[in-house]
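Chemist: Sharing query-v6.pdb here; it has PDB, C-alpha atoms, pLDDT in the B column.
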```pdb
ATOM      1  CA  MET A1208    -106.497 201.228 -14.609  1.00 86.00           C
ATOM      2  CA  GLN A1209    -105.101 203.273 -11.748  1.00 94.00           C
ATOM      3  CA  ILE A1210    -101.794 204.980 -12.528  1.00 95.00           C
ATOM      4  CA  ARG A1211     -99.417 206.442  -9.948  1.00 95.00           C
ATOM      5  CA  PHE A1212     -96.408 208.534 -10.997  1.00 96.00           C
ATOM      6  CA  TYR A1213     -92.898 208.883  -9.576  1.00 95.00           C
ATOM      7  CA  ILE A1214     -92.614 212.423  -8.190  1.00 95.00           C
ATOM      8  CA  ASP A1215     -89.248 214.121  -8.721  1.00 94.00           C
ATOM      9  CA  PRO A1216     -88.032 215.304  -5.279  1.00 94.00           C
ATOM     10  CA  GLU A1217     -86.441 218.447  -6.754  1.00 93.00           C
ATOM     11  CA  THR A1218     -89.374 219.723  -8.820  1.00 92.00           C
ATOM     12  CA  HIS A1219     -92.238 218.068  -6.886  1.00 95.00           C
ATOM     13  CA  GLU A1220     -93.808 217.158 -10.252  1.00 95.00           C
ATOM     14  CA  PRO A1221     -94.090 213.790 -11.984  1.00 96.00           C
ATOM     15  CA  HIS A1222     -90.724 212.783 -13.467  1.00 95.00           C
ATOM     16  CA  ILE A1223     -92.351 212.458 -16.905  1.00 96.00           C
ATOM     17  CA  CYS A1224     -92.756 216.255 -17.071  1.00 94.00           C
ATOM     18  CA  GLY A1225     -88.982 216.591 -17.412  1.00 94.00           C
ATOM     19  CA  HIS A1226     -89.241 214.668 -20.701  1.00 95.00           C
ATOM     20  CA  GLY A1227     -92.095 216.788 -22.042  1.00 95.00           C
ATOM     21  CA  VAL A1228     -94.710 214.063 -21.503  1.00 96.00           C
ATOM     22  CA  THR A1229     -98.102 214.631 -19.851  1.00 96.00           C
ATOM     23  CA  GLU A1230    -100.067 212.336 -17.567  1.00 96.00           C
ATOM     24  CA  ASP A1231    -102.854 212.155 -20.187  1.00 96.00           C
ATOM     25  CA  GLU A1232    -100.391 210.916 -22.801  1.00 97.00           C
ATOM     26  CA  VAL A1233     -99.169 208.181 -20.463  1.00 97.00           C
ATOM     27  CA  GLU A1234    -102.763 207.108 -19.797  1.00 96.00           C
ATOM     28  CA  GLN A1235    -103.432 206.929 -23.551  1.00 96.00           C
ATOM     29  CA  VAL A1236    -100.388 204.730 -24.176  1.00 95.00           C
ATOM     30  CA  MET A1237    -101.152 202.445 -21.228  1.00 95.00           C
ATOM     31  CA  ALA A1238    -104.777 201.978 -22.333  1.00 93.00           C
ATOM     32  CA  GLY A1239    -104.089 201.565 -26.049  1.00 91.00           C
ATOM     33  CA  PRO A1240    -102.483 198.915 -28.211  1.00 88.00           C
ATOM     34  CA  GLY A1241     -98.724 198.662 -28.334  1.00 87.00           C
ATOM     35  CA  GLU A1242     -95.677 196.690 -27.402  1.00 89.00           C
ATOM     36  CA  ASP A1243     -95.504 195.644 -23.730  1.00 92.00           C
ATOM     37  CA  LYS A1244     -92.280 193.939 -22.663  1.00 92.00           C
ATOM     38  CA  ARG A1245     -90.417 193.005 -19.532  1.00 93.00           C
ATOM     39  CA  GLY A1246     -87.657 195.411 -18.535  1.00 89.00           C
ATOM     40  CA  GLY A1247     -85.083 194.976 -15.807  1.00 85.00           C
ATOM     41  CA  LYS A1248     -85.884 193.235 -12.503  1.00 86.00           C
ATOM     42  CA  GLU A1249     -89.499 194.126 -11.673  1.00 90.00           C
ATOM     43  CA  THR A1250     -90.106 196.724 -14.356  1.00 95.00           C
ATOM     44  CA  ARG A1251     -91.889 196.619 -17.692  1.00 95.00           C
ATOM     45  CA  TYR A1252     -92.092 199.035 -20.571  1.00 94.00           C
ATOM     46  CA  LYS A1253     -94.919 199.801 -22.922  1.00 95.00           C
ATOM     47  CA  THR A1254     -94.439 201.523 -26.244  1.00 94.00           C
ATOM     48  CA  GLY A1255     -97.426 203.041 -27.982  1.00 93.00           C
ATOM     49  CA  ARG A1256     -99.015 205.989 -29.693  1.00 93.00           C
ATOM     50  CA  THR A1257    -100.995 208.857 -28.163  1.00 95.00           C
ATOM     51  CA  SER A1258    -104.157 210.287 -29.703  1.00 93.00           C
ATOM     52  CA  GLY A1259    -102.010 213.236 -30.821  1.00 93.00           C
ATOM     53  CA  GLY A1260     -99.751 210.910 -32.827  1.00 93.00           C
ATOM     54  CA  ARG A1261     -96.679 210.897 -30.560  1.00 95.00           C
ATOM     55  CA  TYR A1262     -94.900 207.625 -29.912  1.00 95.00           C
ATOM     56  CA  LEU A1263     -93.886 207.149 -26.282  1.00 96.00           C
ATOM     57  CA  ARG A1264     -92.110 204.553 -24.177  1.00 96.00           C
ATOM     58  CA  VAL A1265     -93.496 204.250 -20.644  1.00 97.00           C
ATOM     59  CA  VAL A1266     -91.367 202.497 -18.005  1.00 96.00           C
ATOM     60  CA  TYR A1267     -93.494 201.171 -15.155  1.00 96.00           C
ATOM     61  CA  ALA A1268     -93.763 198.614 -12.385  1.00 95.00           C
ATOM     62  CA  PRO A1269     -96.968 196.675 -11.705  1.00 92.00           C
ATOM     63  CA  ASP A1270     -98.470 197.535  -8.313  1.00 89.00           C
ATOM     64  CA  PRO A1271     -99.548 194.803  -5.894  1.00 85.00           C
ATOM     65  CA  GLU A1272    -103.129 196.073  -6.254  1.00 85.00           C
ATOM     66  CA  PRO A1273    -104.974 194.690  -9.291  1.00 86.00           C
ATOM     67  CA  SER A1274    -105.268 197.058 -12.283  1.00 87.00           C
ATOM     68  CA  SER A1275    -102.732 199.476 -10.838  1.00 93.00           C
ATOM     69  CA  VAL A1276     -99.254 200.527 -12.057  1.00 95.00           C
ATOM     70  CA  PHE A1277     -96.467 202.819 -10.865  1.00 96.00           C
ATOM     71  CA  VAL A1278     -95.006 204.858 -13.744  1.00 96.00           C
ATOM     72  CA  ILE A1279     -91.314 205.548 -13.275  1.00 95.00           C
ATOM     73  CA  THR A1280     -90.667 207.539 -16.440  1.00 95.00           C
ATOM     74  CA  ALA A1281     -91.884 208.096 -19.992  1.00 97.00           C
ATOM     75  CA  TYR A1282     -90.207 209.676 -22.991  1.00 96.00           C
ATOM     76  CA  PRO A1283     -90.803 210.247 -26.704  1.00 95.00           C
ATOM     77  CA  LEU A1284     -89.561 207.506 -28.997  1.00 93.00           C
ATOM     78  CA  THR A1285     -87.188 208.614 -31.766  1.00 91.00           C
ATOM     79  CA  GLY A1286     -84.658 207.262 -34.221  1.00 92.00           C
ATOM     80  CA  LYS A1287     -83.893 203.547 -34.354  1.00 94.00           C
ATOM     81  CA  ALA A1288     -86.200 202.721 -31.441  1.00 90.00           C
ATOM     82  CA  LEU A1289     -89.149 204.312 -33.269  1.00 91.00           C
ATOM     83  CA  LYS A1290     -88.335 202.434 -36.482  1.00 91.00           C
ATOM     84  CA  ALA A1291     -88.098 199.151 -34.572  1.00 89.00           C
ATOM     85  CA  HIS A1292     -91.466 199.764 -32.908  1.00 87.00           C
ATOM     86  CA  ARG A1293     -93.154 200.515 -36.232  1.00 86.00           C
ATOM     87  CA  ARG A1294     -91.630 197.342 -37.702  1.00 88.00           C
ATOM     88  CA  TYR A1295     -92.923 195.348 -34.685  1.00 85.00           C
ATOM     89  CA  MET A1296     -96.443 196.750 -35.090  1.00 84.00           C
ATOM     90  CA  ARG A1297     -96.483 196.001 -38.841  1.00 84.00           C
ATOM     91  CA  GLY A1298     -95.533 192.385 -38.153  1.00 80.00           C
ATOM     92  CA  LYS A1299     -98.154 192.077 -35.415  1.00 71.00           C
ATOM     93  CA  ARG A1300    -100.969 193.013 -37.844  1.00 62.00           C
ATOM     94  CA  LYS A1301    -100.196 190.155 -40.228  1.00 53.00           C
TER      95      LYS A1301
END
```
Go through the file and emit its structure as structure tokens.
Modeler:
Amino acid sequence: MQIRFYIDPETHEPHICGHGVTEDEVEQVMAGPGEDKRGGKETRYKTGRTSGGRYLRVVYAPDPEPSSVFVITAYPLTGKALKAHRRYMRGKRK
């Protein structure tokens, strides 16, 4: 899968860096199992776990090219959202 990232015009780095997330972590979440749902308008979000054990939510838009996505942002999952994701994954295994 080809992944493009939104570049912050002020820092000239991927926007995900501002949330303490690396490009490798995003690739791990996008390639692994997890919850993939429709967001607003043309966006989707995928929630999953990195190989380091962090839970992330990645907000992205599918690209017109096959097997390609444009990542808008990604951030660590905490609190109620993390609990809900774990509950979702437990139910999915049954």
Chemist: Can you list, as a VMD selection string, every protein, DNA or RNA residue that comes within 6 Å of A:Val1266 when you count only C-alpha atoms, leaving out same-chain residues fewer than 5 positions away?
Modeler: chain A and resid 1251 to 1252 1279 to 1281
Chemist: Find the distance between atom CA of A:Val1276 and atom CA of A:Thr1250 and write it in Å to one decimal.
Modeler: 10.2 Å
Chemist: To test your reading of the syntax: which residues would the PyMOL selection byres ((chain A and resi 1214-1220) around 12) return for the file shown? Reply as a PyMOL selection string.
Modeler: chain A and resi 1211-1213+1221-1230+1277-1280
Chemist: Go ahead and save the residues from that selection, with C-alpha atoms, as a CSV table (one decimal), keeping the file's coordinate frame.
Modeler:
```
chain,number,residue,atom,x,y,z
A,1211,ARG,CA,-99.4,206.4,-9.9
A,1212,PHE,CA,-96.4,208.5,-11.0
A,1213,TYR,CA,-92.9,208.9,-9.6
A,1221,PRO,CA,-94.1,213.8,-12.0
A,1222,HIS,CA,-90.7,212.8,-13.5
A,1223,ILE,CA,-92.4,212.5,-16.9
A,1224,CYS,CA,-92.8,216.3,-17.1
A,1225,GLY,CA,-89.0,216.6,-17.4
A,1226,HIS,CA,-89.2,214.7,-20.7
A,1227,GLY,CA,-92.1,216.8,-22.0
A,1228,VAL,CA,-94.7,214.1,-21.5
A,1229,THR,CA,-98.1,214.6,-19.9
A,1230,GLU,CA,-100.1,212.3,-17.6
A,1277,PHE,CA,-96.5,202.8,-10.9
A,1278,VAL,CA,-95.0,204.9,-13.7
A,1279,ILE,CA,-91.3,205.5,-13.3
A,1280,THR,CA,-90.7,207.5,-16.4
```
Chemist: Point out the residue among A:Ser1258, A:Thr1285, A:Ser1275, A:Gln1209 with the least atom-to-atom distance to A:Gly1239, counting all atoms listed in the file.
Modeler: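 Counting all atoms listed in the file, the residue closest to A:Gly1239 is A:Ser1258.
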Chemist: At a cut-off of 8 Å, using only C-alpha atoms, what residues contact A:Gly1241? Leave out same-chain residues fewer than 3 positions from it and give the result as a ChimeraX atom specification.
Modeler: /A:1236,1253-1256,1296
Chemist: Suppose we keep C-alpha atoms; can you now write the selection as a compact mmCIF listing (two decimals), in the frame of the given file?
Modeler:
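That gives us part_30.txt:
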```
# COMPACT_ATOMS: atom_id res chain seq x y z
CA VAL A 1236 -100.39 204.73 -24.18
CA LYS A 1253 -94.92 199.80 -22.92
CA THR A 1254 -94.44 201.52 -26.24
CA GLY A 1255 -97.43 203.04 -27.98
CA ARG A 1256 -99.02 205.99 -29.69
CA MET A 1296 -96.44 196.75 -35.09
```
Chemist: Rounded to one decimal in Å, what is the spacing between atom CA of A:Glu1232 and atom CA of A:Ala1268?
Modeler: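 So the answer is 17.4 Å.
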Chemist: Of the candidates A:Tyr1295, A:Val1233, A:Gly1247, A:Gly1259, which one gets nearest to A:Tyr1282 if we count all atoms listed in the file?
Modeler: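 Looking only at the distances to A:Tyr1282, the closest residue turns out to be A:Val1233.
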